[in-house]
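Text of data02.txt, listed as compact mmCIF, C-alpha atoms:
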```txt
# COMPACT_ATOMS: atom_id res chain seq x y z
CA MET A 146 -19.24 -22.48 24.03
CA SER A 147 -18.77 -26.22 23.99
CA GLU A 148 -22.09 -27.27 22.47
CA ILE A 149 -25.29 -25.63 21.35
CA GLU A 150 -28.25 -26.48 23.53
CA ASN A 151 -30.37 -29.29 22.12
CA LYS A 152 -33.44 -27.09 21.79
CA THR A 153 -34.96 -25.50 18.76
CA MET A 154 -33.29 -22.27 19.91
CA GLU A 155 -36.67 -20.60 20.36
CA ASN A 156 -35.54 -18.84 23.52
CA THR A 157 -33.08 -16.53 21.84
CA VAL A 158 -32.48 -12.93 22.77
CA ILE A 159 -31.16 -10.30 20.40
CA ARG A 160 -29.71 -7.24 22.09
CA LYS A 161 -27.07 -4.58 21.72
CA ALA A 162 -23.57 -5.92 22.39
CA GLU A 163 -21.96 -5.19 25.74
CA GLU A 164 -18.34 -5.25 26.87
CA LYS A 165 -18.92 -8.64 28.50
CA ASP A 166 -19.52 -10.02 24.97
CA ILE A 167 -16.05 -9.11 23.69
CA PRO A 168 -14.42 -12.54 24.26
CA GLU A 169 -17.22 -14.31 22.36
CA ILE A 170 -17.21 -11.71 19.58
CA LEU A 171 -13.43 -12.13 19.21
CA ARG A 172 -13.87 -15.91 19.01
CA LEU A 173 -16.41 -15.55 16.21
CA LEU A 174 -14.31 -12.93 14.42
CA VAL A 175 -11.69 -15.66 13.99
CA GLN A 176 -14.34 -17.91 12.39
CA VAL A 177 -15.24 -15.16 9.91
CA ASN A 178 -11.58 -14.47 9.24
CA MET A 179 -10.94 -18.12 8.42
CA VAL A 180 -13.83 -18.19 5.93
CA HIS A 181 -12.24 -15.22 4.17
CA HIS A 182 -8.71 -16.63 4.54
CA ASN A 183 -9.78 -19.92 2.97
CA ILE A 184 -11.38 -18.09 0.03
CA ARG A 185 -8.65 -15.43 -0.41
CA PRO A 186 -5.39 -16.36 1.36
CA ASP A 187 -3.70 -13.77 -0.86
CA LEU A 188 -5.62 -11.05 1.03
CA PHE A 189 -6.48 -12.43 4.47
CA LYS A 190 -4.08 -13.75 7.09
CA GLY A 191 -5.42 -16.48 9.29
CA PRO A 192 -6.28 -17.06 12.04
CA ALA A 193 -6.73 -13.43 13.02
CA THR A 194 -9.34 -10.94 14.19
CA LYS A 195 -10.39 -7.75 12.49
CA TYR A 196 -10.52 -5.81 15.76
CA THR A 197 -8.73 -5.67 19.11
CA PRO A 198 -10.68 -5.63 22.38
CA ASP A 199 -10.07 -1.86 22.68
CA GLN A 200 -11.34 -1.27 19.14
CA LEU A 201 -14.46 -3.30 19.93
CA LYS A 202 -15.10 -1.12 22.99
CA GLN A 203 -14.86 1.99 20.81
CA ILE A 204 -17.22 0.53 18.22
CA MET A 205 -19.72 -0.44 20.92
CA ASN A 206 -19.70 3.11 22.28
CA ASP A 207 -20.37 4.74 18.89
CA PRO A 208 -24.11 5.14 18.17
CA ASP A 209 -23.39 4.98 14.42
CA THR A 210 -21.83 1.49 14.66
CA PRO A 211 -24.25 -0.75 16.55
CA ILE A 212 -23.40 -4.38 17.17
CA PHE A 213 -26.24 -6.76 17.96
CA VAL A 214 -25.73 -10.21 19.46
CA CYS A 215 -27.91 -13.29 19.62
CA THR A 216 -27.76 -15.39 22.78
CA SER A 217 -29.91 -17.95 24.49
CA ASP A 218 -31.96 -16.79 27.43
CA LYS A 219 -29.30 -18.58 29.51
CA GLY A 220 -26.45 -16.62 27.94
CA THR A 221 -25.07 -19.07 25.33
CA PHE A 222 -23.58 -16.93 22.55
CA TYR A 223 -24.84 -17.78 19.03
CA GLY A 224 -23.83 -14.89 16.78
CA TYR A 225 -23.44 -11.20 16.08
CA ILE A 226 -24.09 -8.57 13.43
CA PHE A 227 -21.93 -5.42 13.05
CA CYS A 228 -23.64 -2.41 11.45
CA GLU A 229 -22.53 1.04 10.29
CA LEU A 230 -24.78 3.99 9.63
CA GLU A 231 -23.92 5.70 6.33
CA ARG A 232 -25.33 8.91 4.95
CA MET A 233 -25.21 9.86 1.29
CA GLU A 234 -25.56 13.60 0.99
CA GLU A 235 -27.84 14.90 -1.70
CA SER A 236 -25.94 16.22 -4.72
CA ASN A 237 -26.42 16.91 -8.42
CA LEU A 238 -26.00 13.16 -8.96
CA HIS A 239 -27.35 11.45 -5.85
CA THR A 240 -30.45 11.58 -3.74
CA GLY A 241 -29.76 11.98 -0.05
CA ILE A 242 -30.32 8.71 1.82
CA LYS A 243 -29.46 7.05 5.10
CA THR A 244 -28.20 3.46 4.80
CA LEU A 245 -27.49 0.81 7.39
CA TYR A 246 -24.47 -1.14 6.16
CA ILE A 247 -23.94 -4.64 7.53
CA ASP A 248 -20.20 -4.85 8.04
CA ASP A 249 -20.17 -8.38 9.41
CA LEU A 250 -22.60 -11.12 10.36
CA CYS A 251 -21.43 -14.33 12.00
CA VAL A 252 -23.29 -17.31 13.37
CA ASP A 253 -21.21 -19.68 15.46
CA GLU A 254 -20.30 -22.80 13.48
CA CYS A 255 -22.13 -24.87 16.12
CA ALA A 256 -25.35 -22.86 15.78
CA ARG A 257 -25.70 -22.79 12.00
CA GLY A 258 -28.92 -24.16 10.58
CA HIS A 259 -31.02 -22.89 13.50
CA HIS A 260 -32.11 -19.57 11.91
CA VAL A 261 -29.82 -17.42 14.05
CA GLY A 262 -28.61 -15.52 10.98
CA SER A 263 -32.12 -14.80 9.75
CA LYS A 264 -33.16 -13.64 13.24
CA LEU A 265 -30.19 -11.25 13.39
CA TYR A 266 -30.85 -10.05 9.84
CA HIS A 267 -34.55 -9.37 10.44
CA TYR A 268 -33.80 -7.65 13.74
CA THR A 269 -31.39 -5.40 11.85
CA LEU A 270 -34.00 -4.63 9.17
CA ASP A 271 -36.47 -3.60 11.87
CA TYR A 272 -33.79 -1.45 13.52
CA ALA A 273 -32.96 0.24 10.19
CA LYS A 274 -36.65 1.01 9.56
CA LYS A 275 -37.02 2.38 13.09
CA ILE A 276 -34.14 4.84 12.63
CA GLY A 277 -35.35 5.98 9.20
CA CYS A 278 -32.97 4.22 6.82
CA TYR A 279 -33.77 3.95 3.14
CA ASN A 280 -31.97 0.62 2.71
CA VAL A 281 -29.67 -2.00 4.19
CA THR A 282 -26.52 -2.96 2.29
CA LEU A 283 -23.55 -5.29 2.65
CA HIS A 284 -20.66 -6.78 0.70
CA VAL A 285 -20.07 -10.49 0.05
CA TRP A 286 -16.69 -11.77 -1.05
CA GLY A 287 -16.68 -13.68 -4.33
CA GLY A 288 -16.43 -17.38 -3.51
CA ASN A 289 -18.45 -17.07 -0.29
CA ASP A 290 -21.35 -18.89 -1.93
CA LYS A 291 -23.12 -19.83 1.32
CA ALA A 292 -23.25 -16.20 2.44
CA GLU A 293 -24.42 -15.03 -0.96
CA LYS A 294 -27.20 -17.64 -1.00
CA PHE A 295 -28.23 -16.70 2.54
CA TYR A 296 -28.55 -13.01 1.67
CA LYS A 297 -30.46 -13.76 -1.53
CA ASP A 298 -32.79 -16.00 0.50
CA MET A 299 -33.32 -13.01 2.82
CA GLY A 300 -34.52 -11.03 -0.22
CA MET A 301 -31.40 -8.99 -0.96
CA LYS A 302 -30.57 -8.07 -4.55
CA THR A 303 -27.26 -7.14 -6.17
CA GLN A 304 -26.73 -3.37 -6.00
CA PHE A 305 -23.40 -3.30 -7.86
CA THR A 306 -20.48 -5.60 -8.58
CA CYS A 307 -16.85 -4.88 -7.77
CA MET A 308 -14.39 -6.65 -10.07
CA GLU A 309 -10.62 -7.10 -10.06
CA THR A 310 -7.63 -8.21 -12.10
CA ILE A 311 -4.78 -9.65 -10.04
CA LEU A 312 -1.44 -8.61 -11.50
```
Same coordinates, now as structure tokens:
Amino acid sequence: MSEIENKTMENTVIRKAEEKDIPEILRLLVQVNMVHHNIRPDLFKGPATKYTPDQLKQIMNDPDTPIFVCTSDKGTFYGYIFCELERMEESNLHTGIKTLYIDDLCVDECARGHHVGSKLYHYTLDYAKKIGCYNVTLHVWGGNDKAEKFYKDMGMKTQFTCMETIL
């Protein structure tokens, strides 16, 4: 995509990802990777992608790992959201729940500020409700302040904190 259309992006479509979307998803996976690489170059190589085209095809064909994409009605690609269905079995300690985990959300650098992320997020919440999930969860890397602010603005609350000591 060379430039985002000079509209208010009202004519967006959110749909399940298709194989034809793989090149655009791979392009945005590099953008996400570079955010993480810039925050934690000790952990993330850059530029790189998390998945290969074949892995993306497998993910797209698994009903427990839906990927939704946001495009214009003319096909301009604005962003994606990767999800994973998780089930916590009931035990002596835990209640049994179904969770939709957001593995990755990316809005193209050129489309940021046009509410693409919030549209994808709310679409995902509606999807999770429709399939009977108790909650929606995700992880945010420390230092990714923009992402953390976005998710708090969407109404998310901290569930737990993972901490580390680098040796």
Rounded to one decimal, what separation in Å do you get between atom CA of Thr303 of chain A and atom CA of Thr244 of chain A?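 Atom CA of Thr303 of chain A sits 15.3 Å away from atom CA of Thr244 of chain A.
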Can I get the residues of segment 241-307 of chain A within 12 Å of segment 206-220 of chain A, each with the closest pair of atoms and their distance in Å to one decimal, using only C-alpha atoms, sorted chain first then ascending number, as a tab-separated table?
```
residue	atom	partner	partner_atom	distance
A:Lys243	CA	A:Asp209	CA	11.3
A:Thr244	CA	A:Asp209	CA	10.9
A:Leu245	CA	A:Asp209	CA	9.1
A:Tyr246	CA	A:Thr210	CA	9.3
A:Ile247	CA	A:Thr210	CA	9.6
A:Asp248	CA	A:Thr210	CA	9.3
A:Asp249	CA	A:Ile212	CA	9.3
A:Leu250	CA	A:Phe213	CA	9.5
A:Cys251	CA	A:Val214	CA	9.5
A:Val252	CA	A:Cys215	CA	8.8
A:Asp253	CA	A:Cys215	CA	10.2
A:Ala256	CA	A:Thr216	CA	10.5
A:His259	CA	A:Cys215	CA	11.8
A:His260	CA	A:Cys215	CA	10.8
A:Val261	CA	A:Cys215	CA	7.2
A:Gly262	CA	A:Cys215	CA	9.0
A:Ser263	CA	A:Cys215	CA	10.8
A:Lys264	CA	A:Cys215	CA	8.3
A:Leu265	CA	A:Cys215	CA	6.9
A:Tyr266	CA	A:Phe213	CA	9.9
A:His267	CA	A:Phe213	CA	11.5
A:Tyr268	CA	A:Phe213	CA	8.7
A:Thr269	CA	A:Phe213	CA	8.1
A:Leu270	CA	A:Phe213	CA	11.9
A:Tyr272	CA	A:Pro211	CA	10.0
A:Ala273	CA	A:Pro211	CA	10.8
A:Ile276	CA	A:Asp209	CA	10.9
```
Using all atoms listed in the file, which of A:Tyr279, A:Phe305, A:Gly191, A:Gly258 sits nearest Thr240 of chain A?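 So, comparing all the options, the nearest one is A:Tyr279.
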Using all atoms listed in the file, which of the listed residues (A:Ile226, A:Leu173, A:Ile184, A:Ile159) sits closest to Asp290 of chain A?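 For Asp290 of chain A, the nearest of the given residues is A:Ile184.
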In Å, rounded to a single decimal, give me how far atom CA of Gly224 of chain A is from atom CA of Ile170 of chain A.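 Atom-to-atom, atom CA of Ile170 of chain A to atom CA of Gly224 of chain A, that is 7.9 Å.
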From the options A:Cys307, A:Lys297, A:Ala162, A:Arg172, which residue's atoms come nearest to Ala193 of chain A, counting all atoms listed in the file? A:Arg172
Produce the centre coordinates and the three edge lengths, each in Å to one decimal, of the box along x, y and z that contains all listed atoms of segment 251-263 of chain A with 3 Å added on each side, as lines of an AutoDock Vina configuration file.
```
center_x = -26.2
center_y = -19.6
center_z = 12.9
size_x = 17.8
size_y = 16.5
size_z = 12.4
```
Residue nearest Asn289 of chain A - candidates A:Asn183, A:Asn156, A:Gln176, A:Thr194, atoms counted: all atoms listed in the file: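 Under the stated criterion, the closest residue is A:Asn183.
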What's the separation between atom CA of Glu164 of chain A and atom CA of Gln203 of chain A, in Å to one decimal place?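 If I compute the distance from atom CA of Glu164 of chain A to atom CA of Gln203 of chain A, I get 10.1 Å.
Among A:Leu283, A:Leu201, A:Leu174, A:Leu230, the residue with the shortest atom-to-atom distance to Thr306 of chain A, counting only C-alpha atoms, is A:Leu283.
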Measuring between only C-alpha atoms, which one of A:Asn280, A:Asp271, A:Arg257, A:Thr221 shows the shortest distance to Met233 of chain A?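 Going through A:Asn280, A:Asp271, A:Arg257, A:Thr221 one by one, the smallest distance to Met233 of chain A is for A:Asn280.
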All heavy atoms modelled onto segment 226-237 of chain A, as a compact mmCIF listing (two decimals), keeping the file's coordinate frame:
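Wrote it out as rebuild.txt, contents follow:
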```
# COMPACT_ATOMS: atom_id res chain seq x y z
N ILE A 226 -24.01 -9.33 14.67
CA ILE A 226 -24.09 -8.57 13.43
C ILE A 226 -23.54 -7.16 13.72
O ILE A 226 -23.97 -6.50 14.66
CB ILE A 226 -25.52 -8.55 12.86
CG1 ILE A 226 -25.56 -7.97 11.45
CG2 ILE A 226 -26.49 -7.87 13.79
CD1 ILE A 226 -26.86 -8.26 10.71
N PHE A 227 -22.53 -6.75 12.95
CA PHE A 227 -21.93 -5.42 13.05
C PHE A 227 -22.59 -4.53 12.00
O PHE A 227 -22.70 -4.93 10.83
CB PHE A 227 -20.43 -5.46 12.71
CG PHE A 227 -19.53 -5.95 13.79
CD1 PHE A 227 -19.58 -7.27 14.23
CD2 PHE A 227 -18.59 -5.10 14.34
CE1 PHE A 227 -18.71 -7.73 15.21
CE2 PHE A 227 -17.71 -5.56 15.32
CZ PHE A 227 -17.78 -6.87 15.76
N CYS A 228 -23.00 -3.34 12.39
CA CYS A 228 -23.64 -2.41 11.45
C CYS A 228 -22.94 -1.05 11.48
O CYS A 228 -22.31 -0.69 12.48
CB CYS A 228 -25.10 -2.22 11.83
SG CYS A 228 -26.06 -3.73 11.89
N GLU A 229 -23.07 -0.33 10.38
CA GLU A 229 -22.53 1.04 10.29
C GLU A 229 -23.57 1.91 9.61
O GLU A 229 -24.08 1.57 8.54
CB GLU A 229 -21.25 1.07 9.45
CG GLU A 229 -20.09 0.35 10.05
CD GLU A 229 -18.85 0.38 9.15
OE1 GLU A 229 -18.78 1.25 8.24
OE2 GLU A 229 -17.98 -0.46 9.34
N LEU A 230 -23.87 3.03 10.22
CA LEU A 230 -24.78 3.99 9.63
C LEU A 230 -24.02 4.83 8.61
O LEU A 230 -22.95 5.37 8.93
CB LEU A 230 -25.38 4.87 10.73
CG LEU A 230 -26.59 5.70 10.37
CD1 LEU A 230 -27.72 4.83 9.86
CD2 LEU A 230 -27.03 6.48 11.59
N GLU A 231 -24.55 4.90 7.39
CA GLU A 231 -23.92 5.70 6.33
C GLU A 231 -24.94 6.70 5.81
O GLU A 231 -26.12 6.39 5.69
CB GLU A 231 -23.47 4.80 5.17
CG GLU A 231 -22.44 3.77 5.56
CD GLU A 231 -22.06 2.84 4.41
OE1 GLU A 231 -22.84 2.72 3.43
OE2 GLU A 231 -20.99 2.21 4.50
N ARG A 232 -24.45 7.88 5.50
CA ARG A 232 -25.33 8.91 4.95
C ARG A 232 -24.77 9.38 3.62
O ARG A 232 -23.60 9.76 3.55
CB ARG A 232 -25.43 10.09 5.92
CG ARG A 232 -26.16 9.74 7.20
CD ARG A 232 -26.08 10.88 8.22
NE ARG A 232 -26.73 10.54 9.46
CZ ARG A 232 -26.13 9.88 10.45
NH1 ARG A 232 -24.88 9.49 10.35
NH2 ARG A 232 -26.80 9.61 11.56
N MET A 233 -25.60 9.32 2.58
CA MET A 233 -25.21 9.86 1.29
C MET A 233 -25.86 11.22 1.17
O MET A 233 -27.09 11.34 1.21
CB MET A 233 -25.68 8.96 0.14
CG MET A 233 -25.26 9.48 -1.23
SD MET A 233 -25.93 8.53 -2.61
CE MET A 233 -25.19 6.94 -2.34
N GLU A 234 -25.04 12.24 1.10
CA GLU A 234 -25.56 13.60 0.99
C GLU A 234 -26.17 13.80 -0.39
O GLU A 234 -25.68 13.28 -1.38
CB GLU A 234 -24.43 14.61 1.22
CG GLU A 234 -23.81 14.54 2.60
CD GLU A 234 -24.79 14.83 3.73
OE1 GLU A 234 -25.66 15.71 3.57
OE2 GLU A 234 -24.71 14.15 4.77
N GLU A 235 -27.22 14.57 -0.42
CA GLU A 235 -27.84 14.90 -1.70
C GLU A 235 -26.87 15.75 -2.52
O GLU A 235 -26.17 16.62 -2.01
CB GLU A 235 -29.15 15.65 -1.48
CG GLU A 235 -29.90 15.87 -2.77
CD GLU A 235 -31.32 16.36 -2.53
OE1 GLU A 235 -31.84 16.21 -1.41
OE2 GLU A 235 -31.89 16.89 -3.50
N SER A 236 -26.82 15.47 -3.82
CA SER A 236 -25.94 16.22 -4.72
C SER A 236 -26.61 16.31 -6.09
O SER A 236 -27.75 15.87 -6.26
CB SER A 236 -24.59 15.50 -4.86
OG SER A 236 -24.75 14.28 -5.57
N ASN A 237 -25.90 16.86 -7.06
CA ASN A 237 -26.42 16.91 -8.42
C ASN A 237 -26.68 15.51 -8.96
O ASN A 237 -27.53 15.32 -9.81
CB ASN A 237 -25.43 17.61 -9.36
CG ASN A 237 -25.33 19.09 -9.07
OD1 ASN A 237 -26.21 19.68 -8.46
ND2 ASN A 237 -24.23 19.69 -9.49
```
